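First up is the structure itself, then whatever we jot down about it.
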Amino acid sequence: MTKADVLLGLQWGDEGKGKVVDVKASKYQLVARFQGGPNAGHTISFEGKKFVLHTVPSGIFTEGCLNIVGNGVVLDPIGFMKELAGLRAAGFSPEKQLVISRRAHLILPTHRLLDAASEQAKGKEKIGSTLRGIGPAYMDRTGRNGLRMGDLLTADFDQRYGKLKAKHQRLLAAMDWGNPEEIPDEQAFLEAVEKLRQLKTDNTEYLIQEALNQGQNVLAEGAQGTLLDLEFGSYPFVTSSNTLASGACSGLGLAPSQLGNITGIFKAYCTRVGSGPFPTELFDAAGDFIREKGHEFGSTTGRPRRCGWLDLTALQYAVMINGVTELAMMKADVLCGMKEVKLCRAYRVDGKESRQMPFDLSTATPIYETMEGWDFDPSELLQGDLANPGKTEMPKGLQKYIERIEQCCGVPVRLVSIGPGRTETLMR
Ligand code: IMP
């Protein structure tokens, strides 16, 4: 029996998980998403094409790889069917390789309205949600009111949908939300639900267990990132799901003892979209440089991302809380040309130096160390491919930066990404 590997983000999302899953997917016979929903945007580039996946797992481009949308995911029928249509238009047949858990919850159009109403009510304290209805859908799941994929096939689905919609409309009225009777996209939702019924659903926990029993390689693909986790992220500025390795257990039906390698993805710097504390955020030219050069604009919402230096204190916390066994550092090329780079080695909290994640991250100010920068031409560094990666030696500054991260986190950096393409990847 094999174990399931986990791949997840160690920062505030957007670390480049899609690319790493895609690079590694050929090794896996099964890739499963375990949490989140269309708030995610996993970008994958190959053969000159670029795809952004929101709910479909990133193994969809790998022939023979089964892709599972796990029970921990919340699925928006409209967006999901659009995503599949986009893949079909690009010449893929995603439904052949896709199974959705019957236990996965549905996002209704009224969940999206509730998301917007909740943000509106919060005013200046808003979370900066992607407004995809994620929080309200998970609230219905926890409140035991939600509708699941399996419910689509029951005779009384329409009545149950009507009942939940009416409840949402009462909530919207209480929140002074425009006209709760007006539900944009309801027709599109009902049509998408009809199509969704044709897709393959199953009790996917059994499929995953069977794959492991047969000795297949299974990958659990996380979305968002550790610092957006509902329990251990920078609450309340978090998402509503469990983004940690432990979320792969509850979100797929795996036992904790069945987890294998846990790959933690991080960028050579930090970014954040939406509100909430970000100790190493840059408000100067260095921040603008990173944003422009790294194309740091949201793949789901297009919002400019907040940019800052790498936060080693937060990274070490993320490695600890996930039990990360290997690291993948993304976008090392973006910092090319900087004479010096900074790393947050500790926080100052209440006047004291601390290497712990505080209860309230907004109380932390960063304590930096400065390191030599690096510069390289990715095409020179890369005179190879995945099987025969970079023949040129890594620049000294970058090498030292990686060693410092490894020393702090106690885990090796096995993969360094120096560009968006599959082959722009160095293995260590
Ligand atoms: P929600 O999950 O849409 O409710 O958003 C909650 C917070 O998480 C907001 O700050 C979002 O910007 C952030 N967020 C949600 N999904 C992602 C993601 O995939 N990448 C980066 N940030 C995200």
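Just so we're on the same page: first chain in the structure tokens is A, next is B, and so on; residues restart at 1 for each chain, and ligands are numbered from 1 in the order they show up.
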
Give me, as JSON lines, the closest atom pair and its distance (Å, one decimal) for every residue of chain A within a cut-off of 7 Å of ligand 1, counting only C-alpha atoms and all ligand atoms, rows sorted by chain and rising number.
{"residue": "A:Trp12", "atom": "CA", "partner": "ligand 1", "partner_atom_place_in_ligand_line": "21 (C)", "distance": 5.7}
{"residue": "A:Gly13", "atom": "CA", "partner": "ligand 1", "partner_atom_place_in_ligand_line": "21 (C)", "distance": 4.0}
{"residue": "A:Asp14", "atom": "CA", "partner": "ligand 1", "partner_atom_place_in_ligand_line": "20 (N)", "distance": 4.8}
{"residue": "A:Asn39", "atom": "CA", "partner": "ligand 1", "partner_atom_place_in_ligand_line": "16 (N)", "distance": 4.3}
{"residue": "A:Ala40", "atom": "CA", "partner": "ligand 1", "partner_atom_place_in_ligand_line": "19 (O)", "distance": 3.3}
{"residue": "A:Gly41", "atom": "CA", "partner": "ligand 1", "partner_atom_place_in_ligand_line": "19 (O)", "distance": 5.5}
{"residue": "A:Ile127", "atom": "CA", "partner": "ligand 1", "partner_atom_place_in_ligand_line": "10 (O)", "distance": 5.4}
{"residue": "A:Gly128", "atom": "CA", "partner": "ligand 1", "partner_atom_place_in_ligand_line": "10 (O)", "distance": 4.6}
{"residue": "A:Ser129", "atom": "CA", "partner": "ligand 1", "partner_atom_place_in_ligand_line": "5 (O)", "distance": 3.5}
{"residue": "A:Thr130", "atom": "CA", "partner": "ligand 1", "partner_atom_place_in_ligand_line": "3 (O)", "distance": 3.7}
{"residue": "A:Leu131", "atom": "CA", "partner": "ligand 1", "partner_atom_place_in_ligand_line": "3 (O)", "distance": 5.3}
{"residue": "A:Arg132", "atom": "CA", "partner": "ligand 1", "partner_atom_place_in_ligand_line": "3 (O)", "distance": 5.7}
{"residue": "A:Gly133", "atom": "CA", "partner": "ligand 1", "partner_atom_place_in_ligand_line": "3 (O)", "distance": 6.9}
{"residue": "A:Ile134", "atom": "CA", "partner": "ligand 1", "partner_atom_place_in_ligand_line": "4 (O)", "distance": 5.3}
{"residue": "A:Gly135", "atom": "CA", "partner": "ligand 1", "partner_atom_place_in_ligand_line": "4 (O)", "distance": 5.1}
{"residue": "A:Ala223", "atom": "CA", "partner": "ligand 1", "partner_atom_place_in_ligand_line": "19 (O)", "distance": 5.9}
{"residue": "A:Gln224", "atom": "CA", "partner": "ligand 1", "partner_atom_place_in_ligand_line": "19 (O)", "distance": 4.2}
{"residue": "A:Leu228", "atom": "CA", "partner": "ligand 1", "partner_atom_place_in_ligand_line": "8 (O)", "distance": 6.0}
{"residue": "A:Phe237", "atom": "CA", "partner": "ligand 1", "partner_atom_place_in_ligand_line": "10 (O)", "distance": 6.0}
{"residue": "A:Val238", "atom": "CA", "partner": "ligand 1", "partner_atom_place_in_ligand_line": "7 (C)", "distance": 4.8}
{"residue": "A:Thr239", "atom": "CA", "partner": "ligand 1", "partner_atom_place_in_ligand_line": "2 (O)", "distance": 3.9}
{"residue": "A:Ser240", "atom": "CA", "partner": "ligand 1", "partner_atom_place_in_ligand_line": "2 (O)", "distance": 6.1}
{"residue": "A:Arg272", "atom": "CA", "partner": "ligand 1", "partner_atom_place_in_ligand_line": "22 (N)", "distance": 6.4}
{"residue": "A:Val273", "atom": "CA", "partner": "ligand 1", "partner_atom_place_in_ligand_line": "12 (O)", "distance": 4.4}
{"residue": "A:Gly274", "atom": "CA", "partner": "ligand 1", "partner_atom_place_in_ligand_line": "10 (O)", "distance": 3.7}
{"residue": "A:Ser275", "atom": "CA", "partner": "ligand 1", "partner_atom_place_in_ligand_line": "10 (O)", "distance": 5.4}

Show me, as a PDB file with N, CA and C atoms, in the first residue's frame, the residues that have an atom within 10 Å of Val324 (chain A) when counting only C-alpha atoms, minus same-chain residues fewer than 3 positions from it.
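Now in out-v1.pdb:
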ATOM      1  N   VAL A   6       1.188  15.035  -0.269  1.00  0.00           N
ATOM      2  CA  VAL A   6       0.393  16.262  -0.184  1.00  0.00           C
ATOM      3  C   VAL A   6       1.229  17.407  -0.734  1.00  0.00           C
ATOM      4  N   LEU A   7       0.584  18.288  -1.452  1.00  0.00           N
ATOM      5  CA  LEU A   7       1.275  19.462  -1.966  1.00  0.00           C
ATOM      6  C   LEU A   7       0.442  20.682  -1.583  1.00  0.00           C
ATOM      7  N   LEU A   8       1.046  21.600  -0.864  1.00  0.00           N
ATOM      8  CA  LEU A   8       0.248  22.733  -0.396  1.00  0.00           C
ATOM      9  C   LEU A   8       1.063  24.015  -0.300  1.00  0.00           C
ATOM     10  N   LEU A  10       2.485  27.443   1.540  1.00  0.00           N
ATOM     11  CA  LEU A  10       2.938  27.773   2.890  1.00  0.00           C
ATOM     12  C   LEU A  10       2.733  29.246   3.231  1.00  0.00           C
ATOM     13  N   ALA A 245      -2.027  20.274   5.772  1.00  0.00           N
ATOM     14  CA  ALA A 245      -1.908  18.851   5.406  1.00  0.00           C
ATOM     15  C   ALA A 245      -3.013  18.047   6.082  1.00  0.00           C
ATOM     16  N   ASN A 261       4.884  12.037   1.562  1.00  0.00           N
ATOM     17  CA  ASN A 261       5.661  13.276   1.446  1.00  0.00           C
ATOM     18  C   ASN A 261       4.748  14.482   1.490  1.00  0.00           C
ATOM     19  N   ILE A 262       5.178  15.495   2.198  1.00  0.00           N
ATOM     20  CA  ILE A 262       4.388  16.727   2.233  1.00  0.00           C
ATOM     21  C   ILE A 262       5.250  17.845   1.665  1.00  0.00           C
ATOM     22  N   THR A 263       4.909  18.250   0.448  1.00  0.00           N
ATOM     23  CA  THR A 263       5.691  19.277  -0.237  1.00  0.00           C
ATOM     24  C   THR A 263       5.075  20.645   0.041  1.00  0.00           C
ATOM     25  N   GLY A 264       5.868  21.524   0.604  1.00  0.00           N
ATOM     26  CA  GLY A 264       5.399  22.882   0.893  1.00  0.00           C
ATOM     27  C   GLY A 264       5.933  23.842  -0.157  1.00  0.00           C
ATOM     28  N   ILE A 265       5.018  24.596  -0.756  1.00  0.00           N
ATOM     29  CA  ILE A 265       5.406  25.535  -1.823  1.00  0.00           C
ATOM     30  C   ILE A 265       5.438  26.945  -1.248  1.00  0.00           C
ATOM     31  N   GLN A 316       8.706  29.063   8.757  1.00  0.00           N
ATOM     32  CA  GLN A 316       9.079  28.017   9.706  1.00  0.00           C
ATOM     33  C   GLN A 316       7.833  27.476  10.428  1.00  0.00           C
ATOM     34  N   ALA A 318       4.803  27.468   9.201  1.00  0.00           N
ATOM     35  CA  ALA A 318       4.035  26.692   8.221  1.00  0.00           C
ATOM     36  C   ALA A 318       4.641  25.303   8.036  1.00  0.00           C
ATOM     37  N   VAL A 319       5.968  25.233   8.045  1.00  0.00           N
ATOM     38  CA  VAL A 319       6.643  23.928   7.903  1.00  0.00           C
ATOM     39  C   VAL A 319       6.292  23.044   9.105  1.00  0.00           C
ATOM     40  N   MET A 320       6.289  23.667  10.286  1.00  0.00           N
ATOM     41  CA  MET A 320       6.002  22.920  11.517  1.00  0.00           C
ATOM     42  C   MET A 320       4.568  22.384  11.526  1.00  0.00           C
ATOM     43  N   ILE A 321       3.638  23.259  11.223  1.00  0.00           N
ATOM     44  CA  ILE A 321       2.225  22.916  11.397  1.00  0.00           C
ATOM     45  C   ILE A 321       1.731  21.930  10.329  1.00  0.00           C
ATOM     46  N   LEU A 327      10.667  21.208   0.444  1.00  0.00           N
ATOM     47  CA  LEU A 327      10.200  22.536   0.041  1.00  0.00           C
ATOM     48  C   LEU A 327      10.379  22.740  -1.449  1.00  0.00           C
ATOM     49  N   CYS A 409      14.378  26.186   8.422  1.00  0.00           N
ATOM     50  CA  CYS A 409      13.186  25.333   8.427  1.00  0.00           C
ATOM     51  C   CYS A 409      13.513  23.863   8.710  1.00  0.00           C
ATOM     52  N   GLY A 410      14.759  23.500   8.544  1.00  0.00           N
ATOM     53  CA  GLY A 410      15.153  22.115   8.808  1.00  0.00           C
ATOM     54  C   GLY A 410      14.637  21.141   7.757  1.00  0.00           C
ATOM     55  N   VAL A 411      14.347  21.636   6.567  1.00  0.00           N
ATOM     56  CA  VAL A 411      13.798  20.806   5.493  1.00  0.00           C
ATOM     57  C   VAL A 411      14.488  21.203   4.188  1.00  0.00           C
ATOM     58  N   PRO A 412      14.802  20.236   3.323  1.00  0.00           N
ATOM     59  CA  PRO A 412      15.487  20.601   2.075  1.00  0.00           C
ATOM     60  C   PRO A 412      14.591  21.278   1.044  1.00  0.00           C
TER      61      PRO A 412
END

### Task
List every residue of region 208-341 of chain A that DSSP, applied to the backbone, labels as alpha helix (DSSP H), and write the result as JSON, numbers by chain.
{"A": [208, 209, 210, 211, 212, 213, 245, 246, 247, 248, 249, 250, 251, 252, 285, 286, 287, 288, 289, 290, 291, 292, 293, 312, 313, 314, 315, 316, 317, 318, 319, 320, 321, 322]}

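Considering only C-alpha atoms, the residue among A:Leu312, A:Leu398, A:Ala328, A:Ala364 positioned nearest to Leu343 (chain A) is A:Leu312.
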
### Task
Name the residues of region 325-395 of chain A that come out as strand (DSSP E or B) in a backbone DSSP run; write them as a ChimeraX atom specification.
/A:326-330,340-349,352-354,364-372

Would you put the residues from that selection into a file with C-alpha atoms, as a tab-separated table (two decimals), in the first residue's frame?
chain	number	residue	atom	x	y	z
A	326	GLU	CA	10.40	18.99	1.34
A	327	LEU	CA	10.20	22.54	0.04
A	328	ALA	CA	9.68	24.01	-3.41
A	329	MET	CA	10.72	27.61	-3.93
A	330	MET	CA	8.98	29.50	-6.70
A	340	GLU	CA	20.33	42.84	-1.71
A	341	VAL	CA	17.37	40.87	-0.46
A	342	LYS	CA	15.87	40.82	3.00
A	343	LEU	CA	14.49	38.02	5.11
A	344	CYS	CA	12.35	38.39	8.23
A	345	ARG	CA	14.22	36.23	10.75
A	346	ALA	CA	12.03	37.10	13.78
A	347	TYR	CA	9.20	39.35	14.93
A	348	ARG	CA	9.10	42.05	17.54
A	349	VAL	CA	5.91	41.60	19.55
A	352	LYS	CA	10.21	41.52	22.66
A	353	GLU	CA	11.91	39.52	19.96
A	354	SER	CA	10.03	36.34	19.13
A	364	ALA	CA	4.24	41.72	14.88
A	365	THR	CA	6.87	43.93	13.27
A	366	PRO	CA	9.60	42.23	11.26
A	367	ILE	CA	13.25	41.97	12.24
A	368	TYR	CA	15.26	41.59	9.05
A	369	GLU	CA	18.57	40.17	7.98
A	370	THR	CA	20.04	41.25	4.66
A	371	MET	CA	21.58	38.90	2.12
A	372	GLU	CA	23.40	39.30	-1.14

### Message
Give me the residues near Ala104 (chain A) as a PyMOL selection string, where near means some atom within 10 Å (using only C-alpha atoms) and where sequence neighbours in that chain fewer than 2 positions away do not count.
### Response
chain A and resi 34-35+69-75+100-102+106-107+141+146-151+201+203-204+251-252

Residues at most 8 Å from Ala4 (chain A), counting only C-alpha atoms, excluding those fewer than 2 positions away in the same chain, as an mmCIF file with N, CA, C and O atoms, in the first residue's frame?
data_model
loop_
_atom_site.group_PDB
_atom_site.id
_atom_site.type_symbol
_atom_site.label_atom_id
_atom_site.label_comp_id
_atom_site.auth_asym_id
_atom_site.auth_seq_id
_atom_site.Cartn_x
_atom_site.Cartn_y
_atom_site.Cartn_z
ATOM 1 N N THR A 2 0.555 2.173 -0.899
ATOM 2 C CA THR A 2 1.336 3.426 -0.938
ATOM 3 C C THR A 2 0.708 4.456 -0.005
ATOM 4 O O THR A 2 -0.350 4.225 0.568
ATOM 5 N N VAL A 6 1.188 15.035 -0.269
ATOM 6 C CA VAL A 6 0.393 16.262 -0.184
ATOM 7 C C VAL A 6 1.229 17.407 -0.734
ATOM 8 O O VAL A 6 2.435 17.476 -0.488
ATOM 9 N N LEU A 212 -4.528 3.576 -3.431
ATOM 10 C CA LEU A 212 -3.403 3.346 -2.513
ATOM 11 C C LEU A 212 -3.166 1.844 -2.318
ATOM 12 O O LEU A 212 -2.024 1.375 -2.296
ATOM 13 N N ASN A 217 0.386 5.981 -7.135
ATOM 14 C CA ASN A 217 0.844 7.225 -6.528
ATOM 15 C C ASN A 217 -0.304 8.226 -6.512
ATOM 16 O O ASN A 217 -0.919 8.492 -7.550
ATOM 17 N N VAL A 218 -0.581 8.737 -5.329
ATOM 18 C CA VAL A 218 -1.723 9.643 -5.140
ATOM 19 C C VAL A 218 -1.208 10.979 -4.617
ATOM 20 O O VAL A 218 -0.365 11.018 -3.730
ATOM 21 N N LEU A 219 -1.724 12.056 -5.183
ATOM 22 C CA LEU A 219 -1.331 13.390 -4.727
ATOM 23 C C LEU A 219 -2.551 14.174 -4.272
ATOM 24 O O LEU A 219 -3.533 14.290 -5.009
ATOM 25 N N ALA A 220 -2.481 14.712 -3.061
ATOM 26 C CA ALA A 220 -3.534 15.597 -2.559
ATOM 27 C C ALA A 220 -3.094 17.028 -2.813
ATOM 28 O O ALA A 220 -2.037 17.452 -2.348
ATOM 29 N N GLN A 258 -1.795 7.725 6.585
ATOM 30 C CA GLN A 258 -1.660 7.455 5.140
ATOM 31 C C GLN A 258 -0.990 8.590 4.380
ATOM 32 O O GLN A 258 -0.891 8.527 3.162
ATOM 33 N N LEU A 259 -0.568 9.628 5.094
ATOM 34 C CA LEU A 259 0.104 10.724 4.395
ATOM 35 C C LEU A 259 1.581 10.394 4.201
ATOM 36 O O LEU A 259 2.245 9.885 5.100
ATOM 37 N N GLY A 260 2.075 10.683 3.014
ATOM 38 C CA GLY A 260 3.479 10.431 2.696
ATOM 39 C C GLY A 260 4.267 11.726 2.688
ATOM 40 O O GLY A 260 4.275 12.467 3.670
ATOM 41 N N ASN A 261 4.884 12.037 1.562
ATOM 42 C CA ASN A 261 5.661 13.276 1.446
ATOM 43 C C ASN A 261 4.748 14.482 1.490
ATOM 44 O O ASN A 261 3.713 14.500 0.837
#

### Query
Of the candidates A:Val56, A:Cys408, A:Met81, A:Cys65, which shows the shortest atom-to-atom distance to Ala192 (chain A), using only C-alpha atoms?
A:Met81

### Task
Can you pull out every residue within 7 Å of Gly64 (chain A), counting only C-alpha atoms, but drop anything in the same chain fewer than 2 positions away, and send it as a list of chain:residue names?
A:Gln29, A:Thr62, A:Leu66

For the selection you just gave me, I'd like the residues written to a file as a PDB file, in the first residue's frame, keeping all heavy atoms.
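Once everything was written out, this is result35.pdb:
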ATOM      1  N   GLN A  29      -0.863   8.766 -10.469  1.00  0.00           N
ATOM      2  CA  GLN A  29      -2.006   8.209 -11.197  1.00  0.00           C
ATOM      3  C   GLN A  29      -3.309   8.853 -10.733  1.00  0.00           C
ATOM      4  O   GLN A  29      -4.353   8.689 -11.343  1.00  0.00           O
ATOM      5  CB  GLN A  29      -2.093   6.690 -10.984  1.00  0.00           C
ATOM      6  CG  GLN A  29      -1.039   5.903 -11.748  1.00  0.00           C
ATOM      7  CD  GLN A  29       0.248   5.728 -10.956  1.00  0.00           C
ATOM      8  OE1 GLN A  29       0.210   5.418  -9.769  1.00  0.00           O
ATOM      9  NE2 GLN A  29       1.379   5.942 -11.588  1.00  0.00           N
ATOM     10  N   THR A  62      -2.569  15.668 -17.521  1.00  0.00           N
ATOM     11  CA  THR A  62      -1.694  14.501 -17.594  1.00  0.00           C
ATOM     12  C   THR A  62      -2.497  13.282 -18.014  1.00  0.00           C
ATOM     13  O   THR A  62      -3.456  12.901 -17.335  1.00  0.00           O
ATOM     14  CB  THR A  62      -1.039  14.251 -16.206  1.00  0.00           C
ATOM     15  OG1 THR A  62      -0.429  15.460 -15.802  1.00  0.00           O
ATOM     16  CG2 THR A  62      -0.013  13.148 -16.261  1.00  0.00           C
ATOM     17  N   LEU A  66      -6.169  10.208 -12.942  1.00  0.00           N
ATOM     18  CA  LEU A  66      -7.542  10.414 -12.486  1.00  0.00           C
ATOM     19  C   LEU A  66      -7.575  11.633 -11.565  1.00  0.00           C
ATOM     20  O   LEU A  66      -6.738  11.759 -10.667  1.00  0.00           O
ATOM     21  CB  LEU A  66      -8.028   9.161 -11.733  1.00  0.00           C
ATOM     22  CG  LEU A  66      -9.458   9.239 -11.198  1.00  0.00           C
ATOM     23  CD1 LEU A  66     -10.467   9.323 -12.344  1.00  0.00           C
ATOM     24  CD2 LEU A  66      -9.773   8.034 -10.320  1.00  0.00           C
TER      25      LEU A  66
END
